[in-house]
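As structure tokens, the structure follows; a few thoughts come after it.
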2 protein chains.
Amino acid sequence: MDKLSEFEPIFYPKSVAVVGVSANEEKAGNRFLRVMTEFGFKGKLYPINSDTNEILGLKAYPSLRHVPEPVDLVNINAPARFVPQIIEDCVANGARAAEIFTAGFSEASEDGRRLEDEIVRLAKGRLRIIGPNCFGVYCPRGGLTLLPGPKYPKESGSVAVISQSGGWVTDFIWAGSGHGLRFSKVISYGNACDLNEADFLEYLAADPETKVIAVYMEGVKDGKRFFELAKNLLGKKPLIIWKGGLSETGKRAVDSHTGSLAGERVVWEGFFKQTGAVMADGFEELLDTTAIFSHFPHGAGRRVAVVGGGGGVGVAASDICERVGLKIPASSPEVMERLRAILPPVGTSVRNPVDVGAPMVPSPLFQEVLEILLSWDGIDTLIIDRMFFYGIPQLVGAPDTDTEKRVQVLTNVAAGTRKPILAVLGELSSGIDMIDIEVGRRETRQRFREAGIFTLPSIHRAAKALSNLCYYYETALPRNR
Amino acid sequence: MDKLSEFEPIFYPKSVAVVGVSANEEKAGNRFLRVMTEFGFKGKLYPINSDTNEILGLKAYPSLRHVPEPVDLVNINAPARFVPQIIEDCVANGARAAEIFTAGFSEASEDGRRLEDEIVRLAKGRLRIIGPNCFGVYCPRGGLTLLPGPKYPKESGSVAVISQSGGWVTDFIWAGSGHGLRFSKVISYGNACDLNEADFLEYLAADPETKVIAVYMEGVKDGKRFFELAKNLLGKKPLIIWKGGLSETGKRAVDSHTGSLAGERVVWEGFFKQTGAVMADGFEELLDTTAIFSHFPHGAGRRVAVVGGGGGVGVAASDICERVGLKIPASSPEVMERLRAILPPVGTSVRNPVDVGAPMVPSPLFQEVLEILLSWDGIDTLIIDRMFFYGIPQLVGAPDTDTEKRVQVLTNVAAGTRKPILAVLGELSSGIDMIDIEVGRRETRQRFREAGIFTLPSIHRAAKALSNLCYYYETALPRNR
């Protein structure tokens with residue numbers, strides 16, 4: 001059986017049974033059932049509970065053995081000691097797969113490890129298992145969500161996430177969807193007693209819906225296979241990995257969390273070098289990097305032009321770009337001459353970084369500057385910082401109709417170029433009384449995104465994400481070809 | 001004359017003349033005059049304009065020579081070529097100081113340099129100058145603001161800022177005030193043709209209102225004096241410096257921006273080591289570090305306990321804390337035993353980082369965990385991450401009254417301890433439709449701040465700011481005593 005059809009009942013189940021579901025709305029089983037209904041799961045839902053005939057308007061069954069058809073996916077929330085019996089029921093039902101949310105297995109104790117070994121033995125060759133100690137699967141196309149997920153985007157997308165932490169998965173979907181990411185499959189896989197990181201990576205490599213793969217991982221179950229799969233992905237689908245526990249203190253935390261062996265930093269550095277997978281350093285960088293890969297599927301080049309509303313912006317951009325391996329070439333004589341012809345002679349700079357003097361320059365001037373830089377063949381990518389002060393009327397107490405015009409200019413210009421454009425949209429004010437400014441920022445970000453412009457909240461984050469993108473397309477790919 | 005009285009007319013002027021002010025509301029002079037009025041300047045305002053008798057309801061004078069009294073501070077917005085004449089007028093008026101916003105001097109060209117030399121010669125011994133090519137001074141206690149600043153906080157505070165970039169100054173006040181910072185004096189000093197970074201630092205060292213000093217600087221005019229002053233500040237007032245232009249590309253940008261010599265990285269590293277000044281890497285770190293110094297005036301210690309709602313949080317905290325030199329000691333046997341007695345046996349960790357299992361734990365349990373950790377003498381500082389999901393009802397579609405209770409628990413616990421507490425309040429969703437979540441975050445942040453709890457938006461930023469604080473109190477101070 002090929003990978004895609006093997007995972008069909010997990011990601012696109014026709015029926016889902018929920019074991020360990022009570023009428024108590026606070027309990028995980030009940031919440032999961034409710035969330036599946038709200039999210040709009042189209043298949044059959046079977047609550048399993050021996051005390052009642054109905055939960056949330058759905059007919060309940062005393063056990064899986066009473067369910068009138070083989071179930072595709074069984075969601076298990078019952079306490080750990082009951083799980084082996086439930087697995088036997090799954091097998092008796094002819095169920096195809098189970099996601100076990102319950103914790104208290106190998107990550108917790110020796111007794112837990114024995115329980116986990118037992119369920120593996122019972123399921124072997126008959127039932128595939130995700131977890132235990134996981135949050136399960138979110139697959140919008142399959143109508144499947146994980147806790148707490150009734151408000152996750154219902155549209156499908158091209159980003160897949162595999163994570164050993166359920167917490168990071170939920171945060172990633174929330175934060176990522178606000179930034180415009182949409183997901184194909186998100187998998188919290190916990191202890192990986194059966195299906196592990198390599199199985200999911202193999203599936204996602206073949207999955208036509210998935211274009212970019214983000215991973216949070218603390219240890220590996222099947223390192224050799226994962227390595228080979230990661231290596232084979234290079235040039236096909238970018239793989240971005242945040243490896244937790246690379247410090248000594250972090251290793252101890254990994255042991256407490258998932259009971260994994262975190263491994264040595266030098267081994268992991270070798271892994272990244274040899275596979276061409278992109279290493280992300282922390283949650284924000286995993287998010288930013290996944291987003292930029294998803295936004296620019298053809299990559300970007302390292303030679304950057306920077307346009308700033310003020311000279312301090314250019315200095316900051318120069319320092320961080322150089323540190324992360326981006327280049328800011330000095331303007332060519334022709335570019336300098338053309339810029340000099342239009343920019344005021346004082347308070348500006350025509351070298352690269354280009355300083356247009358202030359954020360509130362007239363929009364026609366802004367447009368000319370952008371066009372001159374984008375037509376210069378000495379650069380691959382354009383970064384714009386400190387040019388969009390969406391909150392300016394509120395902050396300055398004066399109207400500035402030109403902010404709107406400058407947003408329009410940038411979206412127009414972006415439509416006419418193939419060079420990637422990044423705009424830094426910083427948090428201008430974080431005061432409670434200035435929430436309108438944040439609304440303006442989010443609206444501007446969405447307009448830019450729709451126009452193909454990538455946005456991040458600081459030049460540091462923008463430079464790091466861009467550098468990861470360039471690393472993949474300009475270093476990792478050519479090196480391994 | 002001592003430093004404080006010499007700067008009296010600059011920070012607390014009884015009268016301000018604005019030269020280069022027209023009736024056109026778009027022009028800087030007019031905007032500055034309007035902004036000063038709106039901000040509530042209590043002294044005399046003298047618009048200088050030979051074409052009209054009145055601007056914004058204020059009597060206008062054809063030149064400074066016609067103003068009936070010597071003016072404390074003259075604000076100059078006129079084109080560069082007129083400035084020498086205006087300086088002569090200032091001297092004739094008996095004015096004490098001038099802030100020259102106009103650009104087009106030494107930073108722009110050789111002609112500009114000659115003009116600048118001329119105004120220095122004309123003013124020498126008679127008039128102090130800030131600028132040219134600057135944004136001037138914001139001093140709420142003096143009723144003085146800079147452009148664009150009608151909405152800056154009117155309350156005074158303990159943070160002073162000296163900056164060679166006007167743009168960073170305005171961003172710093174906006175972002176900082178939202179994070180609860182209040183300012184004593186903020187100075188954008190531009191080309192520093194007369195008063196330079198050393199003069200301002202000397203003043204701020206003596207200024208009783210200023211407790212923490214933040215600096216953005218590209219080069220120095222009077223390096224030796226600045227070094228001595230910085231050295232003398234150690235142990236009296238923390239000095240945090242973001243030095244722009246430490247990269248090769250950055251040096252070029254500095255030359256275009258302020259015409260300063262950026263200097264070599266190795267020289268600056270020696271400066272920081274020998275003075276005990278704290279080095280901030282970029283805008284966010286300058287902001288975060290200034291805020292944490294201002295928040296914890298007695299410093300903090302490096303031994304950290306981390307409480308997380310989920311195990312992935314602890315792994316991330318461990319990795320970043322170790323990297324920036326913070327310690328996360330393993331829980332003592334007694335602490336482990338006490339935590340084990342109250343935490344569920346599965347899905348949690350009693351080692352440090354402590355994983356309470358999920359963000360939504362019952363508030364009495366949360367309180368006990370905090371009390372156990374704060375009473376442990378093996379740690380100095382407490383970090384809490386992923387425990388406050390202010391937006392949870394909207395995200396999960398279910399009520400969670402306990403978030404409010406957990407916020408209350410933390411503020412209560414903070415009132416009963418002298419150990420610094422940091423709470424990470426991440427951006428849960430950045431969707432436009434989820435702006436209420438951002439409002440909840442800002443409100444929670446303000447409540448925490450009022451309760452003495454310091455907040456930052458990510459564990460990376462929290463760890464870096466805390467590490468800078470610890471560096472100052474545990475390394476720089478003891479080394480130089």
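Convention: chains lettered A, B, ... in structure tokens order; per-chain residue numbering from 1; ligands numbered from 1 as shown.
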Check your understanding: If you count only C-alpha atoms, which residues fall within 9 Å of His179 in chain B, apart from same-chain ones fewer than 5 positions away, as a list in words?
Key ->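 Near His179 in chain B, the qualifying residues are Ser429, Ser430 and Gly431 of chain A; Trp174, Ala291, Arg442, Arg445, Gln446, Arg449 and Thr455 of chain B.
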Export of prior selection with N, CA and C atoms as an mmCIF file, in the first residue's frame:
data_model
loop_
_atom_site.group_PDB
_atom_site.id
_atom_site.type_symbol
_atom_site.label_atom_id
_atom_site.label_comp_id
_atom_site.auth_asym_id
_atom_site.auth_seq_id
_atom_site.Cartn_x
_atom_site.Cartn_y
_atom_site.Cartn_z
ATOM 1 N N SER A 429 2.834 51.696 18.189
ATOM 2 C CA SER A 429 2.496 51.974 19.574
ATOM 3 C C SER A 429 1.819 50.762 20.155
ATOM 4 N N SER A 430 2.130 50.458 21.392
ATOM 5 C CA SER A 430 1.491 49.314 22.037
ATOM 6 C C SER A 430 0.565 49.774 23.151
ATOM 7 N N GLY A 431 0.235 51.066 23.165
ATOM 8 C CA GLY A 431 -0.687 51.575 24.183
ATOM 9 C C GLY A 431 -2.095 51.033 23.967
ATOM 10 N N TRP B 174 7.241 56.425 21.140
ATOM 11 C CA TRP B 174 5.954 55.771 20.858
ATOM 12 C C TRP B 174 5.890 54.362 21.438
ATOM 13 N N ALA B 291 13.690 49.181 29.368
ATOM 14 C CA ALA B 291 12.472 48.942 30.151
ATOM 15 C C ALA B 291 12.756 48.063 31.365
ATOM 16 N N ARG B 442 -2.902 43.651 25.905
ATOM 17 C CA ARG B 442 -2.407 44.947 26.390
ATOM 18 C C ARG B 442 -2.938 45.262 27.786
ATOM 19 N N ARG B 445 -1.039 43.090 30.221
ATOM 20 C CA ARG B 445 0.313 43.628 30.392
ATOM 21 C C ARG B 445 0.318 44.808 31.351
ATOM 22 N N GLN B 446 -0.673 45.668 31.186
ATOM 23 C CA GLN B 446 -0.720 46.842 32.069
ATOM 24 C C GLN B 446 -0.980 46.436 33.527
ATOM 25 N N ARG B 449 2.201 45.056 34.859
ATOM 26 C CA ARG B 449 3.188 46.118 35.092
ATOM 27 C C ARG B 449 2.878 46.851 36.388
ATOM 28 N N THR B 455 6.818 42.384 31.599
ATOM 29 C CA THR B 455 6.337 41.530 30.509
ATOM 30 C C THR B 455 7.082 41.821 29.210
#
Exercise for review: Write out as a list in words all residues of range 20-137 of chain B that backbone DSSP assigns to strand (DSSP E or B).
Suggested key: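 Secondary structure check on range 20-137 of chain B, strand (DSSP E or B): Lys44, Leu45, Tyr46, Pro47, Ile48, Glu54, Ile55, Leu58, Lys59, Tyr61, Leu73, Val74, Asn75, Ile76, Ala97, Ala98, Glu99, Ile100, Arg128, Ile129, Ile130, Gly136 and Val137 of chain B.
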Exercise for review: Counting only C-alpha atoms, collect the residues of chain A whose closest atom lies at most 7 Å from chain B, and write them out as an NGL selection string.
Suggested key: :A and (103-104 or 108 or 148-151 or 165 or 167-168 or 171 or 174-175 or 178-179 or 244-247 or 249-250 or 253-254 or 256-257 or 282 or 310-312 or 314-316 or 318-319 or 322 or 346-347 or 349 or 353 or 395-397 or 428-432 or 439 or 442-443)
Check your understanding: Using only C-alpha atoms, which residues sit within 7 Å of Ile421 in chain B once same-chain residues fewer than 2 positions away are excluded, as an MDAnalysis selection string?
Key -> chainID B and resid 381:383 419 423 453:454
Point to revise | Straight-line distance linking CA of Ala341 in chain B with CA of Thr417 in chain B, stated in Å to one decimal | key: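 Computing the Euclidean distance for CA of Ala341 in chain B and CA of Thr417 in chain B yields 22.8 Å.
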Practice item. Compare A:Leu127, A:Ala300, A:Ile100, A:Leu365 by their minimum atom-to-atom distance to Pro79 in chain A, counting only C-alpha atoms, and give me the closest one. Key: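 Looking only at the distances to Pro79 in chain A, the closest residue turns out to be A:Ile100.
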Check your understanding: By how many Å are CA of Leu343 in chain A and CA of Val361 in chain A apart?
Key -> 9.9 Å
Check your understanding: Skipping near chain neighbours, those fewer than 4 positions away, what residues fall within 9 Å of Phe227 in chain B using only C-alpha atoms, listed as a ChimeraX atom specification?
Key -> /B:198,222-223,231-232,271,274-275
Review point. Between CA of Ser188 in chain B and CA of Leu469 in chain B, what is the distance, to one decimal in Å?
Key: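 CA of Leu469 in chain B lies 25.3 Å from CA of Ser188 in chain B.
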**Study point:** Among the residues B:Gln408, B:Leu229, B:Arg418, B:Ala205, the one that comes closest to Arg447 in chain B [using only C-alpha atoms]
**Key:**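 The shortest atom-to-atom distance to Arg447 in chain B comes from B:Gln408.
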Practice item. Within 10 Å of Asp199 in chain A, counting only C-alpha atoms, which residues show up once you throw out same-chain ones fewer than 2 positions away? Write them as a list in words, please. Key: Lys3, Phe7, Ala192, Asp194, Leu195, Asn196, Glu197, Leu201, Glu202, Tyr203, Leu204, Ala205, Asp222, Arg225, Phe226 and Leu229 of chain A
